[in-house]
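Reproduced below: coords16.cif, with mmCIF, C-alpha atoms and all ligand atoms.
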```
data_work
loop_
_atom_site.group_PDB
_atom_site.id
_atom_site.type_symbol
_atom_site.label_atom_id
_atom_site.label_comp_id
_atom_site.auth_asym_id
_atom_site.auth_seq_id
_atom_site.Cartn_x
_atom_site.Cartn_y
_atom_site.Cartn_z
ATOM 1 C CA MET A 170 0.000 0.000 0.000
ATOM 2 C CA THR A 171 1.324 3.413 -0.848
ATOM 3 C CA SER A 172 0.379 6.584 0.926
ATOM 4 C CA LYS A 173 0.523 9.974 -0.677
ATOM 5 C CA VAL A 174 3.038 12.226 1.052
ATOM 6 C CA THR A 175 1.912 15.833 1.098
ATOM 7 C CA ALA A 176 4.567 18.450 1.841
ATOM 8 C CA ARG A 177 3.449 20.554 4.771
ATOM 9 C CA PRO A 178 3.104 24.299 4.222
ATOM 10 C CA PHE A 179 6.000 26.658 4.952
ATOM 11 C CA ARG A 180 5.146 28.614 8.097
ATOM 12 C CA VAL A 181 6.043 32.273 8.393
ATOM 13 C CA LEU A 182 5.624 34.526 11.424
ATOM 14 C CA GLN A 183 5.472 38.301 11.081
ATOM 15 C CA LEU A 184 6.347 40.348 14.161
ATOM 16 C CA THR A 185 6.131 44.085 13.727
ATOM 17 C CA ASP A 186 6.657 47.360 15.591
ATOM 18 C CA PRO A 187 7.878 46.026 18.952
ATOM 19 C CA HIS A 188 9.273 49.515 19.847
ATOM 20 C CA LEU A 189 11.792 48.096 22.336
ATOM 21 C CA MET A 190 13.917 50.354 24.544
ATOM 22 C CA ILE A 191 17.232 50.266 26.350
ATOM 23 C CA SER A 192 15.455 50.299 29.722
ATOM 24 C CA ALA A 193 13.689 47.149 30.908
ATOM 25 C CA ASP A 194 10.935 49.495 32.152
ATOM 26 C CA GLY A 195 10.522 51.087 28.722
ATOM 27 C CA ALA A 196 6.843 51.673 28.011
ATOM 28 C CA LEU A 197 4.786 53.192 25.230
ATOM 29 C CA LEU A 198 1.547 54.833 26.383
ATOM 30 C CA GLY A 199 1.705 52.764 29.554
ATOM 31 C CA VAL A 200 2.477 49.443 27.839
ATOM 32 C CA ASN A 201 5.834 47.833 28.696
ATOM 33 C CA THR A 202 7.055 46.879 25.230
ATOM 34 C CA ARG A 203 9.289 44.024 26.390
ATOM 35 C CA ASP A 204 6.413 42.454 28.334
ATOM 36 C CA SER A 205 4.001 42.770 25.408
ATOM 37 C CA LEU A 206 6.544 41.188 23.020
ATOM 38 C CA ASP A 207 7.041 38.335 25.498
ATOM 39 C CA ALA A 208 3.281 37.829 25.630
ATOM 40 C CA VAL A 209 3.069 37.726 21.838
ATOM 41 C CA ILE A 210 5.932 35.228 21.562
ATOM 42 C CA ALA A 211 4.258 33.014 24.187
ATOM 43 C CA GLU A 212 1.007 33.217 22.214
ATOM 44 C CA VAL A 213 2.766 32.202 18.969
ATOM 45 C CA LEU A 214 4.287 29.152 20.635
ATOM 46 C CA LYS A 215 0.968 28.215 22.254
ATOM 47 C CA SER A 216 -1.324 28.773 19.266
ATOM 48 C CA HIS A 217 0.887 27.967 16.278
ATOM 49 C CA GLY A 218 4.183 26.485 17.479
ATOM 50 C CA GLN A 219 7.510 27.049 15.777
ATOM 51 C CA PRO A 220 7.585 28.962 12.478
ATOM 52 C CA ASP A 221 10.024 28.195 9.643
ATOM 53 C CA LEU A 222 10.890 31.864 9.118
ATOM 54 C CA ILE A 223 10.326 35.132 11.007
ATOM 55 C CA LEU A 224 9.896 38.494 9.283
ATOM 56 C CA ALA A 225 10.351 41.577 11.488
ATOM 57 C CA THR A 226 8.967 44.595 9.651
ATOM 58 C CA GLY A 227 10.424 47.576 11.450
ATOM 59 C CA ASP A 228 10.203 49.881 14.472
ATOM 60 C CA ILE A 229 12.111 47.199 16.300
ATOM 61 C CA ALA A 230 13.519 49.822 18.691
ATOM 62 C CA GLN A 231 11.727 52.949 19.873
ATOM 63 C CA ASP A 232 15.055 54.515 20.904
ATOM 64 C CA ALA A 233 17.204 53.019 18.088
ATOM 65 C CA THR A 234 19.813 51.754 20.574
ATOM 66 C CA GLU A 235 22.003 48.732 19.925
ATOM 67 C CA GLU A 236 20.932 47.410 23.322
ATOM 68 C CA ALA A 237 17.270 47.408 22.297
ATOM 69 C CA TYR A 238 18.121 45.534 19.073
ATOM 70 C CA HIS A 239 19.948 42.944 21.152
ATOM 71 C CA VAL A 240 16.873 42.572 23.371
ATOM 72 C CA PHE A 241 14.922 41.705 20.222
ATOM 73 C CA GLY A 242 17.546 39.247 18.961
ATOM 74 C CA ASP A 243 17.730 37.548 22.339
ATOM 75 C CA ARG A 244 13.915 37.307 22.611
ATOM 76 C CA LEU A 245 13.827 35.578 19.201
ATOM 77 C CA GLY A 246 15.982 32.866 20.772
ATOM 78 C CA ALA A 247 12.611 31.342 21.789
ATOM 79 C CA PHE A 248 12.294 30.248 18.156
ATOM 80 C CA THR A 249 14.360 27.725 16.237
ATOM 81 C CA ALA A 250 13.865 29.487 12.873
ATOM 82 C CA GLY A 251 15.968 32.281 11.447
ATOM 83 C CA SER A 252 14.641 35.800 11.076
ATOM 84 C CA ALA A 253 15.046 38.817 8.806
ATOM 85 C CA TRP A 254 14.749 42.417 10.075
ATOM 86 C CA ILE A 255 14.060 45.680 8.277
ATOM 87 C CA ALA A 256 14.066 49.234 9.593
ATOM 88 C CA GLY A 257 11.097 51.451 10.400
ATOM 89 C CA ASN A 258 10.881 55.188 11.050
ATOM 90 C CA HIS A 259 11.906 54.811 14.697
ATOM 91 C CA ASP A 260 14.954 52.705 13.839
ATOM 92 C CA HIS A 261 18.508 53.641 12.963
ATOM 93 C CA ALA A 262 19.016 51.542 9.835
ATOM 94 C CA GLY A 263 22.804 51.274 10.317
ATOM 95 C CA ARG A 264 22.690 50.183 13.960
ATOM 96 C CA LEU A 265 19.817 47.815 13.240
ATOM 97 C CA ALA A 266 21.756 46.208 10.361
ATOM 98 C CA LYS A 267 24.849 45.815 12.552
ATOM 99 C CA VAL A 268 22.970 43.996 15.331
ATOM 100 C CA ALA A 269 20.846 42.041 12.820
ATOM 101 C CA ALA A 270 24.096 40.744 11.292
ATOM 102 C CA PHE A 271 25.148 39.504 14.743
ATOM 103 C CA TYR A 272 22.048 37.257 14.763
ATOM 104 C CA GLY A 273 22.278 36.326 11.052
ATOM 105 C CA SER A 274 19.100 38.378 10.520
ATOM 106 C CA ASP A 275 20.389 40.932 8.002
ATOM 107 C CA ARG A 276 19.042 38.904 5.075
ATOM 108 C CA ARG A 277 16.988 40.846 2.559
ATOM 109 C CA HIS A 278 16.419 38.098 -0.002
ATOM 110 C CA ILE A 279 15.356 34.623 1.069
ATOM 111 C CA VAL A 280 14.362 31.632 -1.040
ATOM 112 C CA GLU A 281 12.793 28.964 1.161
ATOM 113 C CA GLY A 282 9.765 26.676 1.149
ATOM 114 C CA GLY A 283 9.291 27.195 -2.588
ATOM 115 C CA TRP A 284 8.765 30.927 -2.025
ATOM 116 C CA GLN A 285 10.821 34.061 -2.420
ATOM 117 C CA PHE A 286 10.882 36.784 0.253
ATOM 118 C CA ILE A 287 12.155 40.265 -0.581
ATOM 119 C CA LEU A 288 12.632 42.786 2.226
ATOM 120 C CA LEU A 289 12.968 46.477 1.392
ATOM 121 C CA ASN A 290 14.292 49.360 3.470
ATOM 122 C CA SER A 291 11.703 52.147 3.212
ATOM 123 C CA SER A 292 13.037 54.146 6.184
ATOM 124 C CA VAL A 293 14.244 57.728 5.687
ATOM 125 C CA PRO A 294 16.630 59.109 8.345
ATOM 126 C CA GLY A 295 14.832 61.608 10.602
ATOM 127 C CA GLU A 296 11.449 61.226 8.877
ATOM 128 C CA VAL A 297 8.245 59.416 9.788
ATOM 129 C CA PHE A 298 7.221 58.888 6.139
ATOM 130 C CA GLY A 299 8.866 56.276 3.950
ATOM 131 C CA ASN A 300 10.613 56.286 0.594
ATOM 132 C CA LEU A 301 12.289 53.597 -1.476
ATOM 133 C CA ALA A 302 15.680 54.662 -2.790
ATOM 134 C CA GLU A 303 16.449 53.923 -6.435
ATOM 135 C CA SER A 304 18.804 51.164 -5.258
ATOM 136 C CA GLU A 305 15.913 49.474 -3.361
ATOM 137 C CA LEU A 306 13.657 49.574 -6.411
ATOM 138 C CA GLU A 307 16.468 48.141 -8.556
ATOM 139 C CA PHE A 308 17.077 45.397 -5.989
ATOM 140 C CA LEU A 309 13.356 44.541 -6.022
ATOM 141 C CA ALA A 310 13.213 44.352 -9.832
ATOM 142 C CA GLU A 311 16.437 42.360 -10.039
ATOM 143 C CA MET A 312 15.272 39.699 -7.573
ATOM 144 C CA LEU A 313 11.912 39.397 -9.316
ATOM 145 C CA GLU A 314 13.607 39.076 -12.717
ATOM 146 C CA GLN A 315 15.896 36.349 -11.393
ATOM 147 C CA HIS A 316 13.064 34.219 -9.975
ATOM 148 C CA PRO A 317 10.059 34.476 -12.294
ATOM 149 C CA ASP A 318 8.656 31.113 -11.150
ATOM 150 C CA LEU A 319 8.751 31.590 -7.385
ATOM 151 C CA PRO A 320 5.655 32.911 -5.616
ATOM 152 C CA THR A 321 6.864 36.022 -3.836
ATOM 153 C CA LEU A 322 6.156 37.995 -0.687
ATOM 154 C CA VAL A 323 7.488 41.572 -0.588
ATOM 155 C CA ALA A 324 7.845 43.223 2.836
ATOM 156 C CA LEU A 325 8.550 46.822 3.841
ATOM 157 C CA HIS A 326 7.760 49.036 6.837
ATOM 158 C CA HIS A 327 5.559 51.784 5.388
ATOM 159 C CA HIS A 328 2.074 51.449 3.899
ATOM 160 C CA PRO A 329 2.205 51.695 0.081
ATOM 161 C CA VAL A 330 -1.526 52.507 -0.199
ATOM 162 C CA ASP A 331 -3.819 54.980 1.534
ATOM 163 C CA ILE A 332 -5.570 53.520 4.528
ATOM 164 C CA SER A 333 -8.665 54.971 6.145
ATOM 165 C CA ALA A 334 -6.966 56.826 9.033
ATOM 166 C CA GLU A 335 -6.498 60.439 7.924
ATOM 167 C CA TRP A 336 -3.448 61.193 10.114
ATOM 168 C CA MET A 337 -1.593 58.350 8.392
ATOM 169 C CA ARG A 338 -2.035 59.808 4.920
ATOM 170 C CA ASP A 339 1.255 61.697 5.007
ATOM 171 C CA ILE A 340 3.329 59.088 6.810
ATOM 172 C CA GLY A 341 3.129 56.232 4.303
ATOM 173 C CA LEU A 342 5.404 55.378 1.391
ATOM 174 C CA ARG A 343 5.935 58.575 -0.612
ATOM 175 C CA ASN A 344 7.066 57.091 -3.949
ATOM 176 C CA ARG A 345 4.460 54.356 -3.994
ATOM 177 C CA GLU A 346 3.815 54.750 -7.758
ATOM 178 C CA ASP A 347 7.443 53.757 -8.441
ATOM 179 C CA PHE A 348 6.983 50.735 -6.182
ATOM 180 C CA TRP A 349 3.765 49.598 -7.878
ATOM 181 C CA GLN A 350 5.274 50.075 -11.310
ATOM 182 C CA VAL A 351 7.817 47.395 -10.444
ATOM 183 C CA ILE A 352 5.322 45.088 -8.689
ATOM 184 C CA ASP A 353 2.851 45.308 -11.578
ATOM 185 C CA ARG A 354 5.466 43.899 -13.994
ATOM 186 C CA PHE A 355 5.800 40.628 -12.073
ATOM 187 C CA PRO A 356 2.770 38.343 -11.733
ATOM 188 C CA GLN A 357 4.592 36.034 -9.306
ATOM 189 C CA VAL A 358 4.153 38.623 -6.521
ATOM 190 C CA LYS A 359 1.412 37.195 -4.290
ATOM 191 C CA MET A 360 1.639 39.445 -1.239
ATOM 192 C CA VAL A 361 2.859 42.848 -0.079
ATOM 193 C CA LEU A 362 3.247 43.061 3.691
ATOM 194 C CA TRP A 363 3.997 45.976 5.998
ATOM 195 C CA GLY A 364 3.965 47.243 9.598
ATOM 196 C CA HIS A 365 3.894 50.911 10.733
ATOM 197 C CA ILE A 366 0.121 51.303 11.006
ATOM 198 C CA HIS A 367 -0.262 49.144 14.160
ATOM 199 C CA GLN A 368 -3.498 47.534 12.979
ATOM 200 C CA THR A 369 -4.848 44.789 10.754
ATOM 201 C CA HIS A 370 -5.358 45.750 7.119
ATOM 202 C CA GLU A 371 -6.224 43.312 4.337
ATOM 203 C CA ARG A 372 -7.220 43.998 0.766
ATOM 204 C CA GLN A 373 -6.484 43.102 -2.844
ATOM 205 C CA ARG A 374 -4.789 45.128 -5.550
ATOM 206 C CA ASN A 375 -4.423 43.698 -9.081
ATOM 207 C CA GLY A 376 -4.530 40.159 -7.707
ATOM 208 C CA VAL A 377 -1.930 40.910 -5.015
ATOM 209 C CA GLN A 378 -2.904 40.424 -1.354
ATOM 210 C CA LEU A 379 -2.024 43.537 0.680
ATOM 211 C CA LEU A 380 -1.526 42.978 4.403
ATOM 212 C CA ALA A 381 -0.730 44.943 7.533
ATOM 213 C CA THR A 382 -0.521 43.640 11.055
ATOM 214 C CA PRO A 383 -1.016 44.755 14.666
ATOM 215 C CA SER A 384 2.042 45.822 16.634
ATOM 216 C CA THR A 385 3.470 43.644 19.367
ATOM 217 C CA CYS A 386 2.803 46.627 21.695
ATOM 218 C CA ILE A 387 0.156 49.373 21.195
ATOM 219 C CA GLN A 388 -2.560 49.539 18.513
ATOM 220 C CA PHE A 389 -3.691 52.587 16.525
ATOM 221 C CA THR A 390 -7.417 53.132 16.039
ATOM 222 C CA SER A 391 -8.418 52.227 12.498
ATOM 223 C CA GLY A 392 -10.205 54.961 10.575
ATOM 224 C CA SER A 393 -9.385 57.683 13.092
ATOM 225 C CA ARG A 394 -8.867 61.240 11.816
ATOM 226 C CA LYS A 395 -6.303 62.100 14.515
ATOM 227 C CA PHE A 396 -3.710 60.053 16.375
ATOM 228 C CA SER A 397 -5.570 57.629 18.610
ATOM 229 C CA VAL A 398 -4.849 54.317 20.274
ATOM 230 C CA GLU A 399 -7.206 51.410 20.682
ATOM 231 C CA ASP A 400 -7.574 49.065 23.637
ATOM 232 C CA LEU A 401 -6.702 45.944 21.607
ATOM 233 C CA ALA A 402 -4.257 43.238 22.634
ATOM 234 C CA PRO A 403 -0.812 43.001 20.979
ATOM 235 C CA GLY A 404 -0.594 40.582 18.084
ATOM 236 C CA TYR A 405 1.185 38.931 15.202
ATOM 237 C CA ARG A 406 0.496 37.491 11.757
ATOM 238 C CA TRP A 407 0.900 33.857 10.752
ATOM 239 C CA PHE A 408 1.220 32.499 7.200
ATOM 240 C CA GLU A 409 1.011 28.987 5.801
ATOM 241 C CA LEU A 410 2.516 28.969 2.310
ATOM 242 C CA GLU A 411 2.303 26.219 -0.282
ATOM 243 C CA ALA A 412 4.853 25.875 -3.060
ATOM 244 C CA SER A 413 1.948 26.097 -5.545
ATOM 245 C CA GLY A 414 1.573 29.770 -4.546
ATOM 246 C CA ASN A 415 -1.555 29.158 -2.482
ATOM 247 C CA PHE A 416 -1.475 30.530 1.051
ATOM 248 C CA THR A 417 -3.501 31.274 4.151
ATOM 249 C CA THR A 418 -2.835 34.034 6.681
ATOM 250 C CA GLU A 419 -4.376 35.168 9.953
ATOM 251 C CA VAL A 420 -3.797 37.696 12.727
ATOM 252 C CA CYS A 421 -3.731 36.464 16.323
ATOM 253 C CA ARG A 422 -3.554 38.411 19.573
ATOM 254 C CA ALA A 423 -2.145 37.728 23.031
ATOM 255 C CA MET A 424 -5.533 38.002 24.729
ATOM 256 C CA ASP A 425 -4.109 37.041 28.139
ATOM 257 C CA PHE A 426 -1.817 40.102 28.217
ATOM 258 C CA LYS A 427 -3.059 42.596 30.823
ATOM 259 C CA PHE A 428 -2.272 46.263 30.249
ATOM 260 C CA GLU A 429 -3.582 49.717 30.991
ATOM 261 C CA LEU A 430 -3.401 52.028 28.023
ATOM 262 C CA ASP A 431 -2.752 55.743 28.491
ATOM 263 C CA GLN A 432 -5.473 57.027 26.131
ATOM 264 C CA ASN A 433 -4.574 60.689 26.572
ATOM 265 C CA SER A 434 -1.354 60.727 24.585
ATOM 266 C CA SER A 435 -1.263 62.854 21.440
ATOM 267 C CA GLY A 436 1.535 60.881 19.818
ATOM 268 C CA TYR A 437 3.972 58.057 20.269
HETATM 269 FE FE FE A 501 5.571 51.601 14.856
#
```

structure tokens encoding of this file:
Amino acid sequence: MTSKVTARPFRVLQLTDPHLMISADGALLGVNTRDSLDAVIAEVLKSHGQPDLILATGDIAQDATEEAYHVFGDRLGAFTAGSAWIAGNHDHAGRLAKVAAFYGSDRRHIVEGGWQFILLNSSVPGEVFGNLAESELEFLAEMLEQHPDLPTLVALHHHPVDISAEWMRDIGLRNREDFWQVIDRFPQVKMVLWGHIHQTHERQRNGVQLLATPSTCIQFTSGSRKFSVEDLAPGYRWFELEASGNFTTEVCRAMDFKFELDQNSSGY
């Protein structure tokens, strides 16, 4: 008797916007960002188990210190899989890359599980908005040209589309038309994934699944005109990818994490 062996899906974890700090007491709007990350990691291990790859999509450190990046790298020691980190507006791209290299997490192009992962640096020193340098756009096009047959996930920090919150209109990816011009040339792109907006966002564009994910610390209110935070638990995104290009994805939250949000802040 023969049994059909089905390859199991490739499992990817996205962690985004942990906003870690040099101080163990470091908190954002009353939420200790180390504690909330720990709660999210515990939830991943409880609900999904070990991933095959971890994508960290920016704002890894609130204070951009090497120490905070090491806190992140050490926390990821809970997982057996490798990770890849990109910078957000709160990060210092150089310091992040240096510490990421220490953990083998400075990879920006990964081919695993029958998929291709391309990570782009959309951070601009000293600015909240994002922009992709010409070299990033060339890198994106080059990788897509080299692997026309691999289903592809592209990740960056900033939102490359308008979302409903008005205050976020000016802090997304500035040269998004240049980005989409490249993406639109390559039908193997299945997903574009980002962080930055601290909330779930899911929609389609030209057959590409667009996805954003809650932060591992505080959550921004979706659809709000002004800066506002929402009393939602920290979370993460999980993917199950098949080599055929089919995939499933879901957002999960660490519902057991207890926190008291300072609702009166006008920024973060
Ligand atoms: Fe953030």

Hits from the PyMOL selection byres (((chain A and resi 379) around 9) and not hetatm), listed as number ranges by chain: A: 359-363, 370-374, 377-378, 380-381

Matched chain/residue IDs from the PyMOL selection byres (((chain A and resi 308) around 12) and not hetatm), as a list in words: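 Going through the file, the PyMOL selection byres (((chain A and resi 308) around 12) and not hetatm) ends up selecting Arg277, His278, Ile287, Leu288, Leu289, Asn290, Leu301, Ala302, Glu303, Ser304, Glu305, Leu306, Glu307, Leu309, Ala310, Glu311, Met312, Leu313, Glu314, Gln315, Val323, Phe348 and Val351 of chain A.
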
Where does the PyMOL selection byres (((chain A and resi 253) around 8) and not hetatm) land in this file, that is, which residues does it pick, as a CSV table (one decimal) with C-alpha atoms, in the frame of the given file?
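Full text of result_26.csv as output:
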```csv
chain,number,residue,atom,x,y,z
A,223,ILE,CA,10.3,35.1,11.0
A,224,LEU,CA,9.9,38.5,9.3
A,225,ALA,CA,10.4,41.6,11.5
A,251,GLY,CA,16.0,32.3,11.4
A,252,SER,CA,14.6,35.8,11.1
A,254,TRP,CA,14.7,42.4,10.1
A,255,ILE,CA,14.1,45.7,8.3
A,269,ALA,CA,20.8,42.0,12.8
A,273,GLY,CA,22.3,36.3,11.1
A,274,SER,CA,19.1,38.4,10.5
A,275,ASP,CA,20.4,40.9,8.0
A,276,ARG,CA,19.0,38.9,5.1
A,277,ARG,CA,17.0,40.8,2.6
```

Closest-contact table, chain A side, partner ligand FE 501 (chain A), 6 Å, counting all atoms listed in the file, as CSV:
```
residue,atom,partner,partner_atom,distance
A:Asp186,CA,A:FE501,FE,4.4
A:Asp228,CA,A:FE501,FE,5.0
A:His365,CA,A:FE501,FE,4.5
```

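The smallest atom-to-atom distance between Leu182 in chain A and any of A:Gly299, A:Gly404, A:Pro294, A:Pro317, using all atoms listed in the file, is found for A:Gly404.
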
Shortest interatomic distance to Asp331 in chain A - which of A:Ser435, A:Thr385, A:Phe271, A:Gly392, counting only C-alpha atoms: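 Under the stated criterion, the closest residue is A:Gly392.
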
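Going from CA of Gln357 in chain A over to CA of Phe179 in chain A, you cover 17.1 Å.
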
Å distance separating CA of Ser384 in chain A from CA of Thr185 in chain A, one decimal place: 5.3 Å

One-decimal distance in Å that lies between CA of Lys427 in chain A and CA of Ala402 in chain A: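 Computing the Euclidean distance for CA of Ala402 in chain A and CA of Lys427 in chain A yields 8.3 Å.
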
Glu281 in chain A surroundings by only C-alpha atoms, 9 Å radius, close-in-sequence under 3 positions cut, as a list in words: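 Once the adjacent positions are removed, what remains is Phe179, Asp221, Leu222, Trp284, Gln285 and Phe286 of chain A.
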
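Residue nearest Thr321 in chain A within the list A:Phe426, A:Gln388, A:Gly283, A:Arg177: A:Gly283 [criterion: smallest interatomic distance, only C-alpha atoms].
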
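The smallest atom-to-atom distance between Glu429 in chain A and any of A:His239, A:His328, A:Asp400, A:Ser391, using all atoms listed in the file, is found for A:Asp400.
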
Near-Ala423 in chain A list (10 Å; all atoms listed in the file; drop same-chain fewer than 4 positions) as a ChimeraX atom specification: /A:205-213,216,385,401-405,427

May I have the selected residues written with C-alpha atoms, as a CSV table (one decimal), keeping the file's coordinate frame?
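Here's the written file again07.csv:
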```csv
chain,number,residue,atom,x,y,z
A,205,SER,CA,4.0,42.8,25.4
A,206,LEU,CA,6.5,41.2,23.0
A,207,ASP,CA,7.0,38.3,25.5
A,208,ALA,CA,3.3,37.8,25.6
A,209,VAL,CA,3.1,37.7,21.8
A,210,ILE,CA,5.9,35.2,21.6
A,211,ALA,CA,4.3,33.0,24.2
A,212,GLU,CA,1.0,33.2,22.2
A,213,VAL,CA,2.8,32.2,19.0
A,216,SER,CA,-1.3,28.8,19.3
A,385,THR,CA,3.5,43.6,19.4
A,401,LEU,CA,-6.7,45.9,21.6
A,402,ALA,CA,-4.3,43.2,22.6
A,403,PRO,CA,-0.8,43.0,21.0
A,404,GLY,CA,-0.6,40.6,18.1
A,405,TYR,CA,1.2,38.9,15.2
A,427,LYS,CA,-3.1,42.6,30.8
```

Sel. within 8 Å of pt (2.7, 51.1, 30.9), counting all atoms listed in the file, output as a count of residues only: 10

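Compared by their closest atoms to Ser333 in chain A, and using only C-alpha atoms, the residues A:Thr249, A:Gln368, A:Thr202, A:Thr382 rank with A:Gln368 nearest.
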
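Between Val330 in chain A and the residues A:His316, A:Arg345, A:Arg180, A:His259, the shortest atom-to-atom distance, using all atoms listed in the file, involves A:Arg345.
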
Build an axis-aligned box that encloses every atom of range 313-318 of chain A listed in the file, pad it by 5 Å on each side, and report its centre and edge lengths in Å to one decimal, as JSON.
```
{"center_x": 12.3, "center_y": 35.3, "center_z": -11.0, "size_x": 17.2, "size_y": 18.3, "size_z": 13.4}
```
